[in-house]
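**Student:** Pasting a structure below so you can have a look.
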Number of protein chains: 2
Amino acid sequence: MSFRDYVRKVDPYVPGEQPRSSSVIKLNTNENPYPPSPEVLKAMEGVSLDSLKLYPDPDCTQLRHAIAENFGVKDDQVFVGVGTDDVLAMAFMTFFNSGKPILFPDISYAFYEVWANMLGIPYEKKPLTEEFRINAEDYAGENGGIVFPNPNAPTSILEPASFIEGILRKNRDSLVIIDEAYIDFGGESVIPLVDRYDNLLVTQTFSKSRSLAGMRIGFAIGSPELIGYMMSVRNSYNSYTMNRTALAAGVAAIQDTEYFEKTRKAVIRTRQHAVNRLRELGFTGPAPAGNFLFTAHETVPAKEIFSKLKDRGIYVRYFSKPRIDNYLRITVGTDREMEKLYEALASILQ
Amino acid sequence: MSFRDYVRKVDPYVPGEQPRSSSVIKLNTNENPYPPSPEVLKAMEGVSLDSLKLYPDPDCTQLRHAIAENFGVKDDQVFVGVGTDDVLAMAFMTFFNSGKPILFPDISYAFYEVWANMLGIPYEKKPLTEEFRINAEDYAGENGGIVFPNPNAPTSILEPASFIEGILRKNRDSLVIIDEAYIDFGGESVIPLVDRYDNLLVTQTFSKSRSLAGMRIGFAIGSPELIGYMMSVRNSYNSYTMNRTALAAGVAAIQDTEYFEKTRKAVIRTRQHAVNRLRELGFTGPAPAGNFLFTAHETVPAKEIFSKLKDRGIYVRYFSKPRIDNYLRITVGTDREMEKLYEALASILQ
């Protein structure tokens, strides 16, 4: 037997395309169309060249404190990582070791299945309803843990906090991860529930509402006990995951609440307008709560629209998967980018 | 049973202290005493605020290319990660799944054991000789893989490339990882052997000889096949591990070969001087090949010296572990920092 026979079996996640050309209108990976707060640049310029020779703070003290302050929790209730993906992967490694299947929706963030496969975690995918809603009854009974995004992706459908609380109540012995990557675009976060539910871990990201996809910052909030477990696993993996510029950028981004409010509201406004414009063009789909729309055309197949848009330099996301292969996921861009999208669609559909 | 019963059992790595005060003389975590190349600052300033809203290049194309060019290998022979720790953790996950024990020295980088424990990988620690040398005969016969640093840490002892090649020959069916974190301070890298040995993976870091501990950049070089396996596992964990500033900083650092040569030679020069000065003060220890010395005093216990140095604001590393609990690991600082160390030692030992 050679070492080749023991290579870990994986089925990697495939991210949306990252075209190099800046002339592309990029509505395919749910990035924010606005730049980060100008305070981010100042903070990063404040990181001296000389300081880079030294390891960063392994405890990420200042960033965790800034996040804790923003959400009114204690510093030891905050875990930070290299994007939500790092945070979620650590959470899977930390908590999903019971051998019992973890539960997540059949239509959801594709990485849950990838992590489960890579880590040998058994899982059951629970089908969304015909209307792409999560069925609360599916998330009860013995299980190895629960994870889903709220709003869900790629559907952009939001559930109210009361819905999440219902699931938490029925799963007091299971860890429930609510992935709030898109919550700032109109949803109610369940972070306030972490003090009442010791089985709740909430994750969020700086990649969407804080316009910092390029800096890779995600975080989790939970009880000090849960965060302590995750810190121990992280410190058994890599003591220093966050580099000095990421730590500085994160603090500045979360402290500029005015800029955050302004840009997230702009995205919401553009999204609401997009719903109407797309409807006029013959598109339907669930009411969106993220910074993206999930939409199908009444007559023209999604795949065709996807590829004709791409020919015109407009990238949206198409998933060649059961149940959703006639839908497009369209990230909300600037008003100007969206006007170009509507124009292109009108021309494609005419 | 509650979720608490299934939390992953770990025994985290304990990094050296990271004191906040800038008046401390920090000789405890093997950082470079010189700042990174000034080109790094320029490169980081070239990362626009606007670009941070977009995900970084998941393939790290430019950084991998710059590293490949530097070592005369192909781009697809290079894997990059968030420091060598990320790279090694990924390599453990990718390759050490046979259920057979992996082998590493009893006195070595402590993280090997931490990763093995966390990932449930069986292992055997092979005792170094009385002189802290690796015994090649210990690394033969059936095993689940092999990993050790060259130069070894915390001993700073270098083995020649021929020694590594002997181990590679005896282990054609096992993956052998040579962790060359400190190779640039006087050793001969075995990177040229990767084309002849498909079972060899070599890791290096930007944290030591490139003065970029604060940016978290490490890499592995091996056959395109090995690197392909690691990329798949990485893409099953986190598609975007390297943020935009780290990618830019890394390219600039590796391209400034002149600065690299200048600073690494300065460290070597100071180290050679330190060997003599410490000998005069009654210290002994193996000939150092890393940017640190491993040394014991002939009469005064290491623990006492460690703590008296700390009282004087000079941090070195002390390991309260069998066989090495009378040794100090002292990072090579600037000449000025080292003069202060010698003064403090003279005063402590008088």
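Each chain in the structure tokens gets a letter, A, B and so on, in the order shown; residues start at 1 in every chain, and ligands are counted from 1 in the order they appear.
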Any idea what's packed within 9 Å of Lys170 in chain A, counting only C-alpha atoms, ignoring anything in its chain fewer than 3 positions away? Could you give it as a list in words?

**Tutor:**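 Returned residues: Tyr139, Ala140, Gly141, Glu165, Gly166, Ile167 and Asp173 of chain A.
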
**Student:** Please return, as JSON, numbers by chain, all residues of range 142-288 of chain A that DSSP assigns to strand (DSSP E or B) on the basis of the backbone.

**Tutor:** {"A": [146, 147, 148, 149, 176, 177, 178, 179, 200, 201, 202, 203, 204, 205, 218, 219, 220, 221, 283, 284]}

**Student:** Against chain A, which residues of chain B fall within 6 Å? For each one I want the closest pair of atoms and the distance in Å (one decimal), counting only C-alpha atoms, rows by chain and increasing residue number, as a Markdown table.

**Tutor:**
```
| residue | atom | partner | partner_atom | distance |
| --- | --- | --- | --- | --- |
| B:Ser2 | CA | A:Asp173 | CA | 4.4 |
| B:Phe3 | CA | A:Ser174 | CA | 5.3 |
| B:Tyr6 | CA | A:Ser98 | CA | 5.3 |
| B:Val7 | CA | A:Phe95 | CA | 4.9 |
| B:Arg8 | CA | A:Thr94 | CA | 5.1 |
| B:Pro12 | CA | A:Ser236 | CA | 4.4 |
| B:Tyr13 | CA | A:Ser236 | CA | 5.6 |
| B:Pro35 | CA | A:Asp50 | CA | 4.6 |
| B:Asp50 | CA | A:Pro35 | CA | 4.6 |
| B:Leu52 | CA | A:Gly214 | CA | 4.3 |
| B:Lys53 | CA | A:Ser211 | CA | 4.4 |
| B:Leu54 | CA | A:Gly214 | CA | 5.1 |
| B:Tyr55 | CA | A:Gly214 | CA | 4.4 |
| B:Pro56 | CA | A:Gly214 | CA | 5.0 |
| B:Asp85 | CA | A:Asn238 | CA | 5.4 |
| B:Asp86 | CA | A:Asn238 | CA | 5.9 |
| B:Thr94 | CA | A:Arg8 | CA | 5.1 |
| B:Phe95 | CA | A:Val7 | CA | 4.9 |
| B:Asn97 | CA | A:Tyr6 | CA | 5.3 |
| B:Ser98 | CA | A:Tyr6 | CA | 5.3 |
| B:Val114 | CA | A:Ser236 | CA | 5.8 |
| B:Asp173 | CA | A:Ser2 | CA | 4.4 |
| B:Ser174 | CA | A:Phe3 | CA | 5.3 |
| B:Leu175 | CA | A:Phe3 | CA | 6.0 |
| B:Ser211 | CA | A:Lys53 | CA | 4.5 |
| B:Leu212 | CA | A:Lys53 | CA | 4.7 |
| B:Ala213 | CA | A:Tyr55 | CA | 4.7 |
| B:Gly214 | CA | A:Leu52 | CA | 4.4 |
| B:Met215 | CA | A:Asn243 | CA | 4.7 |
| B:Arg216 | CA | A:Asn243 | CA | 5.8 |
| B:Ser232 | CA | A:Pro12 | CA | 5.8 |
| B:Asn235 | CA | A:Pro12 | CA | 5.2 |
| B:Ser236 | CA | A:Pro12 | CA | 4.4 |
| B:Asn238 | CA | A:Asp85 | CA | 5.4 |
| B:Asn243 | CA | A:Met215 | CA | 4.8 |
| B:Arg244 | CA | A:Gly214 | CA | 5.5 |
```

**Student:** Go ahead and save the residues from that selection, with C-alpha atoms, as a CSV table (one decimal), in the first residue's frame.

**Tutor:**
```
chain,number,residue,atom,x,y,z
B,2,SER,CA,-25.7,16.4,25.7
B,3,PHE,CA,-23.6,18.0,23.0
B,6,TYR,CA,-19.2,15.0,22.0
B,7,VAL,CA,-16.9,18.0,22.1
B,8,ARG,CA,-13.6,17.1,20.4
B,12,PRO,CA,-3.9,22.6,22.6
B,13,TYR,CA,-0.5,23.9,21.6
B,35,PRO,CA,11.5,44.3,9.7
B,50,ASP,CA,-12.3,49.1,-3.1
B,52,LEU,CA,-11.3,44.5,-0.3
B,53,LYS,CA,-15.0,44.1,-1.0
B,54,LEU,CA,-14.2,41.2,-3.4
B,55,TYR,CA,-13.0,37.7,-2.4
B,56,PRO,CA,-9.3,37.1,-2.9
B,85,ASP,CA,0.8,25.6,10.9
B,86,ASP,CA,-2.1,25.8,8.5
B,94,THR,CA,-4.7,15.0,3.7
B,95,PHE,CA,-2.1,12.3,4.1
B,97,ASN,CA,-5.2,8.6,7.4
B,98,SER,CA,-3.8,5.1,7.3
B,114,VAL,CA,-1.2,18.3,19.1
B,173,ASP,CA,5.5,4.1,0.4
B,174,SER,CA,5.2,6.7,3.2
B,175,LEU,CA,4.8,10.4,3.0
B,211,SER,CA,10.3,38.6,8.7
B,212,LEU,CA,6.5,38.2,8.2
B,213,ALA,CA,5.2,36.3,11.3
B,214,GLY,CA,2.5,39.0,11.5
B,215,MET,CA,1.1,38.2,8.1
B,216,ARG,CA,0.8,34.4,8.4
B,232,SER,CA,-8.7,19.5,-2.7
B,235,ASN,CA,-11.1,23.5,-0.9
B,236,SER,CA,-13.1,21.2,1.4
B,238,ASN,CA,-12.0,27.0,3.3
B,243,ASN,CA,-6.5,37.5,2.3
B,244,ARG,CA,-5.5,40.1,-0.2
```

**Student:** Please produce chain B as a short mmCIF file (atom, residue, chain, number, x, y, z; two decimals) with C-alpha atoms, in the first residue's frame once it has been superposed on chain A, the fit using all Cα atoms paired in sequence order.

**Tutor:**
```cif
data_model
loop_
_atom_site.label_atom_id
_atom_site.label_comp_id
_atom_site.auth_asym_id
_atom_site.auth_seq_id
_atom_site.Cartn_x
_atom_site.Cartn_y
_atom_site.Cartn_z
CA MET B 1 -0.04 0.02 -0.06
CA SER B 2 1.26 3.46 -0.93
CA PHE B 3 0.52 6.80 0.75
CA ARG B 4 -1.83 7.41 -2.20
CA ASP B 5 -4.23 4.84 -0.81
CA TYR B 6 -4.71 6.91 2.34
CA VAL B 7 -5.32 10.33 0.87
CA ARG B 8 -8.43 11.83 2.45
CA LYS B 9 -11.51 11.43 0.28
CA VAL B 10 -13.12 14.76 -0.38
CA ASP B 11 -15.59 16.40 -2.71
CA PRO B 12 -14.47 20.04 -2.66
CA TYR B 13 -16.68 23.09 -2.59
CA VAL B 14 -16.76 24.97 -5.88
CA PRO B 15 -16.86 28.72 -5.30
CA GLY B 16 -18.34 31.10 -7.86
CA GLU B 17 -15.99 32.29 -10.57
CA GLN B 18 -13.57 35.08 -9.69
CA PRO B 19 -12.97 36.75 -13.07
CA ARG B 20 -9.84 38.92 -13.18
CA SER B 21 -11.20 41.49 -15.60
CA SER B 22 -12.49 44.60 -13.88
CA SER B 23 -14.94 45.28 -16.73
CA VAL B 24 -17.08 42.35 -15.59
CA ILE B 25 -20.24 43.10 -13.63
CA LYS B 26 -19.83 40.64 -10.81
CA LEU B 27 -23.14 39.55 -9.32
CA ASN B 28 -22.16 35.94 -8.66
CA THR B 29 -20.58 35.59 -5.21
CA ASN B 30 -22.74 37.80 -2.99
CA GLU B 31 -20.08 40.40 -2.37
CA ASN B 32 -21.08 43.90 -1.31
CA PRO B 33 -21.08 46.39 -4.20
CA TYR B 34 -19.75 49.16 -1.95
CA PRO B 35 -16.17 49.47 -0.70
CA PRO B 36 -15.48 48.98 3.02
CA SER B 37 -15.56 51.94 5.42
CA PRO B 38 -12.74 54.42 4.77
CA GLU B 39 -11.78 53.81 8.42
CA VAL B 40 -10.57 50.38 7.31
CA LEU B 41 -7.90 51.92 5.13
CA LYS B 42 -6.71 54.17 7.94
CA ALA B 43 -6.54 51.24 10.33
CA MET B 44 -4.55 49.15 7.89
CA GLU B 45 -2.16 52.01 7.22
CA GLY B 46 -1.64 52.13 10.98
CA VAL B 47 -0.09 48.65 10.90
CA SER B 48 3.63 49.42 10.74
CA LEU B 49 6.01 47.49 8.51
CA ASP B 50 8.18 46.77 11.54
CA SER B 51 5.29 45.18 13.44
CA LEU B 52 4.85 42.56 10.70
CA LYS B 53 7.97 40.73 11.86
CA LEU B 54 6.12 39.77 15.05
CA TYR B 55 3.34 37.21 15.40
CA PRO B 56 -0.13 38.72 15.71
CA ASP B 57 -2.11 38.50 18.94
CA PRO B 58 -3.21 34.84 19.04
CA ASP B 59 -6.23 35.75 21.17
CA CYS B 60 -7.42 38.45 18.72
CA THR B 61 -8.22 40.48 21.83
CA GLN B 62 -9.07 43.80 20.22
CA LEU B 63 -11.15 42.41 17.40
CA ARG B 64 -13.11 40.13 19.72
CA HIS B 65 -13.68 43.05 22.05
CA ALA B 66 -14.92 45.30 19.23
CA ILE B 67 -17.33 42.61 18.04
CA ALA B 68 -18.50 41.92 21.60
CA GLU B 69 -19.16 45.62 22.17
CA ASN B 70 -21.13 45.87 18.96
CA PHE B 71 -23.45 43.02 19.96
CA GLY B 72 -23.58 43.67 23.69
CA VAL B 73 -21.98 40.36 24.66
CA LYS B 74 -18.81 39.57 26.59
CA ASP B 75 -15.44 39.21 24.89
CA ASP B 76 -15.25 35.52 25.79
CA GLN B 77 -18.47 34.93 23.88
CA VAL B 78 -16.78 35.77 20.57
CA PHE B 79 -14.70 33.49 18.33
CA VAL B 80 -13.05 34.89 15.18
CA GLY B 81 -11.70 33.09 12.15
CA VAL B 82 -10.57 33.36 8.52
CA GLY B 83 -14.05 34.00 7.17
CA THR B 84 -17.18 32.19 8.30
CA ASP B 85 -15.92 29.13 6.45
CA ASP B 86 -13.03 28.79 8.89
CA VAL B 87 -15.38 29.44 11.81
CA LEU B 88 -17.93 26.86 10.64
CA ALA B 89 -15.27 24.26 9.82
CA MET B 90 -13.88 24.69 13.36
CA ALA B 91 -17.40 24.41 14.80
CA PHE B 92 -18.04 21.18 12.84
CA MET B 93 -14.73 19.77 14.14
CA THR B 94 -15.43 20.91 17.68
CA PHE B 95 -19.03 19.81 18.10
CA PHE B 96 -20.16 17.28 15.50
CA ASN B 97 -18.45 14.16 16.85
CA SER B 98 -21.37 12.13 18.16
CA GLY B 99 -21.61 9.74 15.22
CA LYS B 100 -25.27 10.70 14.93
CA PRO B 101 -26.36 12.46 11.73
CA ILE B 102 -26.33 16.23 11.68
CA LEU B 103 -29.26 17.90 9.95
CA PHE B 104 -29.34 20.64 7.34
CA PRO B 105 -31.63 21.58 4.44
CA ASP B 106 -31.27 19.89 1.03
CA ILE B 107 -31.09 23.32 -0.56
CA SER B 108 -28.63 25.38 1.43
CA TYR B 109 -25.02 26.47 1.66
CA ALA B 110 -23.18 23.70 -0.18
CA PHE B 111 -20.20 23.75 2.17
CA TYR B 112 -22.11 22.00 4.99
CA GLU B 113 -22.12 18.79 3.02
CA VAL B 114 -18.49 19.28 1.96
CA TRP B 115 -17.33 19.64 5.59
CA ALA B 116 -19.40 16.69 6.72
CA ASN B 117 -17.93 14.52 3.97
CA MET B 118 -14.38 15.63 4.66
CA LEU B 119 -14.67 15.13 8.40
CA GLY B 120 -16.59 11.86 8.22
CA ILE B 121 -19.66 13.35 9.90
CA PRO B 122 -22.90 11.52 9.04
CA TYR B 123 -25.68 13.82 7.89
CA GLU B 124 -29.27 13.95 6.69
CA LYS B 125 -30.44 16.56 4.24
CA LYS B 126 -33.97 17.66 5.07
CA PRO B 127 -35.95 18.72 2.00
CA LEU B 128 -37.25 22.26 1.93
CA THR B 129 -40.97 22.55 1.20
CA GLU B 130 -42.22 23.22 -2.32
CA GLU B 131 -41.96 26.92 -1.49
CA PHE B 132 -38.34 26.45 -0.39
CA ARG B 133 -39.21 26.89 3.29
CA ILE B 134 -37.50 25.08 6.14
CA ASN B 135 -39.91 22.69 7.82
CA ALA B 136 -39.39 23.05 11.59
CA GLU B 137 -40.73 19.55 12.24
CA ASP B 138 -37.78 18.07 10.37
CA TYR B 139 -35.46 19.42 13.05
CA ALA B 140 -36.57 17.45 16.07
CA GLY B 141 -35.72 14.10 17.62
CA GLU B 142 -32.27 12.67 18.16
CA ASN B 143 -29.58 14.19 15.95
CA GLY B 144 -25.88 15.04 15.94
CA GLY B 145 -26.44 18.76 15.54
CA ILE B 146 -28.23 21.23 13.29
CA VAL B 147 -26.97 23.90 10.94
CA PHE B 148 -28.69 26.23 8.51
CA PRO B 149 -28.36 29.78 7.25
CA ASN B 150 -30.93 32.44 8.07
CA PRO B 151 -31.72 33.92 5.63
CA ASN B 152 -31.15 30.67 3.79
CA ALA B 153 -28.90 30.57 0.72
CA PRO B 154 -29.35 30.43 -2.20
CA THR B 155 -33.06 31.05 -1.58
CA SER B 156 -32.69 34.36 0.31
CA ILE B 157 -35.68 33.35 2.47
CA LEU B 158 -35.74 34.62 6.05
CA GLU B 159 -37.31 32.92 9.05
CA PRO B 160 -38.27 34.94 12.12
CA ALA B 161 -36.34 34.61 15.40
CA SER B 162 -39.37 32.84 16.91
CA PHE B 163 -38.95 30.06 14.33
CA ILE B 164 -35.31 29.57 15.37
CA GLU B 165 -36.30 29.62 19.02
CA GLY B 166 -38.80 26.83 18.39
CA ILE B 167 -36.00 24.67 16.96
CA LEU B 168 -33.70 25.53 19.87
CA ARG B 169 -36.36 24.46 22.35
CA LYS B 170 -36.83 21.11 20.67
CA ASN B 171 -33.07 20.45 20.64
CA ARG B 172 -31.72 21.26 24.08
CA ASP B 173 -29.15 18.44 23.83
CA SER B 174 -27.99 19.28 20.31
CA LEU B 175 -25.80 22.08 19.15
CA VAL B 176 -27.68 24.35 16.74
CA ILE B 177 -25.64 26.60 14.45
CA ILE B 178 -27.45 29.51 12.83
CA ASP B 179 -25.37 30.87 9.98
CA GLU B 180 -26.32 34.54 9.75
CA ALA B 181 -24.08 35.51 6.85
CA TYR B 182 -26.88 37.60 5.35
CA ILE B 183 -28.85 38.68 8.41
CA ASP B 184 -27.88 42.35 8.17
CA PHE B 185 -29.87 42.79 4.97
CA GLY B 186 -33.19 42.76 6.74
CA GLY B 187 -33.39 39.93 9.27
CA GLU B 188 -33.49 39.76 13.03
CA SER B 189 -30.38 38.16 14.50
CA VAL B 190 -30.76 35.48 17.16
CA ILE B 191 -27.59 36.63 18.93
CA PRO B 192 -29.75 37.87 21.85
CA LEU B 193 -30.83 34.24 22.37
CA VAL B 194 -27.33 32.93 23.15
CA ASP B 195 -27.69 33.84 26.81
CA ARG B 196 -30.84 31.77 27.12
CA TYR B 197 -29.88 28.82 24.94
CA ASP B 198 -26.54 27.21 25.75
CA ASN B 199 -26.93 25.06 22.63
CA LEU B 200 -26.95 28.00 20.22
CA LEU B 201 -23.99 29.16 18.18
CA VAL B 202 -24.53 32.07 15.80
CA THR B 203 -22.05 32.80 13.00
CA GLN B 204 -21.70 35.98 10.98
CA THR B 205 -19.22 37.35 8.47
CA PHE B 206 -17.48 40.58 7.47
CA SER B 207 -17.60 39.45 3.83
CA LYS B 208 -21.11 40.65 3.07
CA SER B 209 -22.57 43.55 5.07
CA ARG B 210 -19.10 44.86 6.06
CA SER B 211 -17.70 44.73 2.49
CA LEU B 212 -14.57 42.83 3.54
CA ALA B 213 -14.66 39.57 1.55
CA GLY B 214 -11.04 40.25 0.58
CA MET B 215 -9.84 40.25 4.18
CA ARG B 216 -11.43 36.99 5.35
CA ILE B 217 -13.04 37.69 8.71
CA GLY B 218 -15.86 35.69 10.23
CA PHE B 219 -17.02 35.19 13.78
CA ALA B 220 -19.22 33.11 16.06
CA ILE B 221 -21.11 34.18 19.15
CA GLY B 222 -22.27 31.76 21.82
CA SER B 223 -21.89 31.01 25.51
CA PRO B 224 -18.39 31.38 26.98
CA GLU B 225 -18.41 27.60 27.33
CA LEU B 226 -19.03 26.97 23.60
CA ILE B 227 -16.51 29.59 22.57
CA GLY B 228 -13.95 28.07 24.96
CA TYR B 229 -14.31 24.67 23.28
CA MET B 230 -13.82 26.26 19.87
CA MET B 231 -10.75 28.21 21.00
CA SER B 232 -9.17 24.99 22.24
CA VAL B 233 -9.74 23.29 18.91
CA ARG B 234 -8.44 26.32 17.06
CA ASN B 235 -5.34 26.31 19.24
CA SER B 236 -4.90 22.67 18.29
CA TYR B 237 -4.97 23.62 14.62
CA ASN B 238 -3.29 27.00 14.16
CA SER B 239 -2.51 29.40 17.01
CA TYR B 240 -2.42 32.44 14.79
CA THR B 241 -5.15 32.41 12.16
CA MET B 242 -5.78 36.15 11.87
CA ASN B 243 -3.00 38.29 10.47
CA ARG B 244 -2.25 41.81 11.64
CA THR B 245 -3.98 43.64 8.80
CA ALA B 246 -7.14 41.53 9.13
CA LEU B 247 -7.30 42.23 12.87
CA ALA B 248 -6.92 45.97 12.29
CA ALA B 249 -9.39 46.05 9.38
CA GLY B 250 -11.99 44.14 11.37
CA VAL B 251 -11.92 46.51 14.34
CA ALA B 252 -12.32 49.56 12.11
CA ALA B 253 -15.11 48.00 10.06
CA ILE B 254 -17.27 47.00 12.99
CA GLN B 255 -16.81 50.30 14.78
CA ASP B 256 -18.01 52.40 11.84
CA THR B 257 -21.69 51.74 12.45
CA GLU B 258 -22.81 54.80 10.51
CA TYR B 259 -21.17 53.61 7.30
CA PHE B 260 -22.50 50.11 7.91
CA GLU B 261 -26.07 51.39 8.25
CA LYS B 262 -25.75 53.52 5.14
CA THR B 263 -24.43 50.77 2.87
CA ARG B 264 -26.65 47.99 4.10
CA LYS B 265 -29.70 50.20 3.61
CA ALA B 266 -28.54 51.07 0.11
CA VAL B 267 -28.31 47.37 -0.71
CA ILE B 268 -31.80 46.73 0.71
CA ARG B 269 -33.22 49.63 -1.29
CA THR B 270 -31.66 48.39 -4.52
CA ARG B 271 -32.87 44.87 -3.80
CA GLN B 272 -36.47 46.01 -3.33
CA HIS B 273 -36.29 47.88 -6.60
CA ALA B 274 -34.79 44.80 -8.27
CA VAL B 275 -37.72 42.64 -7.16
CA ASN B 276 -40.10 44.95 -9.05
CA ARG B 277 -37.93 45.30 -12.12
CA LEU B 278 -37.40 41.56 -12.38
CA ARG B 279 -41.12 40.92 -11.95
CA GLU B 280 -41.79 43.23 -14.88
CA LEU B 281 -39.36 41.13 -16.91
CA GLY B 282 -41.25 37.93 -16.11
CA PHE B 283 -39.19 36.66 -13.18
CA THR B 284 -40.64 35.14 -10.02
CA GLY B 285 -39.12 33.91 -6.80
CA PRO B 286 -39.31 34.11 -3.03
CA ALA B 287 -39.18 37.48 -1.24
CA PRO B 288 -35.44 38.09 -0.73
CA ALA B 289 -33.90 38.93 2.66
CA GLY B 290 -30.21 38.59 1.77
CA ASN B 291 -28.08 40.72 -0.56
CA PHE B 292 -29.17 38.50 -3.42
CA LEU B 293 -32.26 37.34 -5.29
CA PHE B 294 -33.26 33.80 -6.11
CA THR B 295 -35.34 33.92 -9.20
CA ALA B 296 -36.68 31.96 -12.16
CA HIS B 297 -38.09 33.21 -15.43
CA GLU B 298 -41.56 32.15 -16.46
CA THR B 299 -40.50 30.97 -19.93
CA VAL B 300 -36.75 31.08 -20.52
CA PRO B 301 -34.53 28.46 -18.79
CA ALA B 302 -32.14 29.81 -16.15
CA LYS B 303 -29.15 28.13 -17.72
CA GLU B 304 -29.72 29.96 -20.97
CA ILE B 305 -30.10 33.33 -19.26
CA PHE B 306 -26.98 32.62 -17.16
CA SER B 307 -24.89 31.96 -20.17
CA LYS B 308 -26.19 34.84 -22.24
CA LEU B 309 -25.54 37.22 -19.35
CA LYS B 310 -22.02 35.89 -19.10
CA ASP B 311 -21.49 36.56 -22.81
CA ARG B 312 -22.41 40.15 -22.03
CA GLY B 313 -19.90 40.36 -19.17
CA ILE B 314 -22.49 39.99 -16.39
CA TYR B 315 -21.78 37.13 -13.99
CA VAL B 316 -24.61 35.68 -11.91
CA ARG B 317 -24.72 32.28 -10.20
CA TYR B 318 -26.35 29.18 -11.65
CA PHE B 319 -26.52 25.86 -9.79
CA SER B 320 -26.93 22.77 -11.87
CA LYS B 321 -28.66 20.92 -9.04
CA PRO B 322 -31.99 19.15 -8.59
CA ARG B 323 -34.96 21.40 -7.72
CA ILE B 324 -33.06 24.65 -8.31
CA ASP B 325 -31.71 24.20 -11.81
CA ASN B 326 -34.16 26.68 -13.23
CA TYR B 327 -33.16 29.43 -10.79
CA LEU B 328 -30.53 32.13 -10.84
CA ARG B 329 -28.92 33.61 -7.76
CA ILE B 330 -28.27 37.26 -8.47
CA THR B 331 -26.21 39.37 -6.07
CA VAL B 332 -27.50 42.89 -5.51
CA GLY B 333 -25.02 45.30 -7.12
CA THR B 334 -24.99 49.08 -7.27
CA ASP B 335 -27.96 50.77 -8.91
CA ARG B 336 -25.83 51.33 -11.98
CA GLU B 337 -24.79 47.69 -12.23
CA MET B 338 -28.39 46.60 -11.76
CA GLU B 339 -29.59 48.92 -14.54
CA LYS B 340 -27.12 47.19 -16.84
CA LEU B 341 -28.46 43.84 -15.69
CA TYR B 342 -32.07 44.84 -16.45
CA GLU B 343 -31.04 46.13 -19.87
CA ALA B 344 -29.18 42.93 -20.67
CA LEU B 345 -32.10 40.81 -19.46
CA ALA B 346 -34.57 42.82 -21.52
CA SER B 347 -32.44 42.26 -24.57
CA ILE B 348 -31.97 38.52 -23.88
CA LEU B 349 -35.66 37.95 -23.22
CA GLN B 350 -37.12 40.01 -26.04
#
```
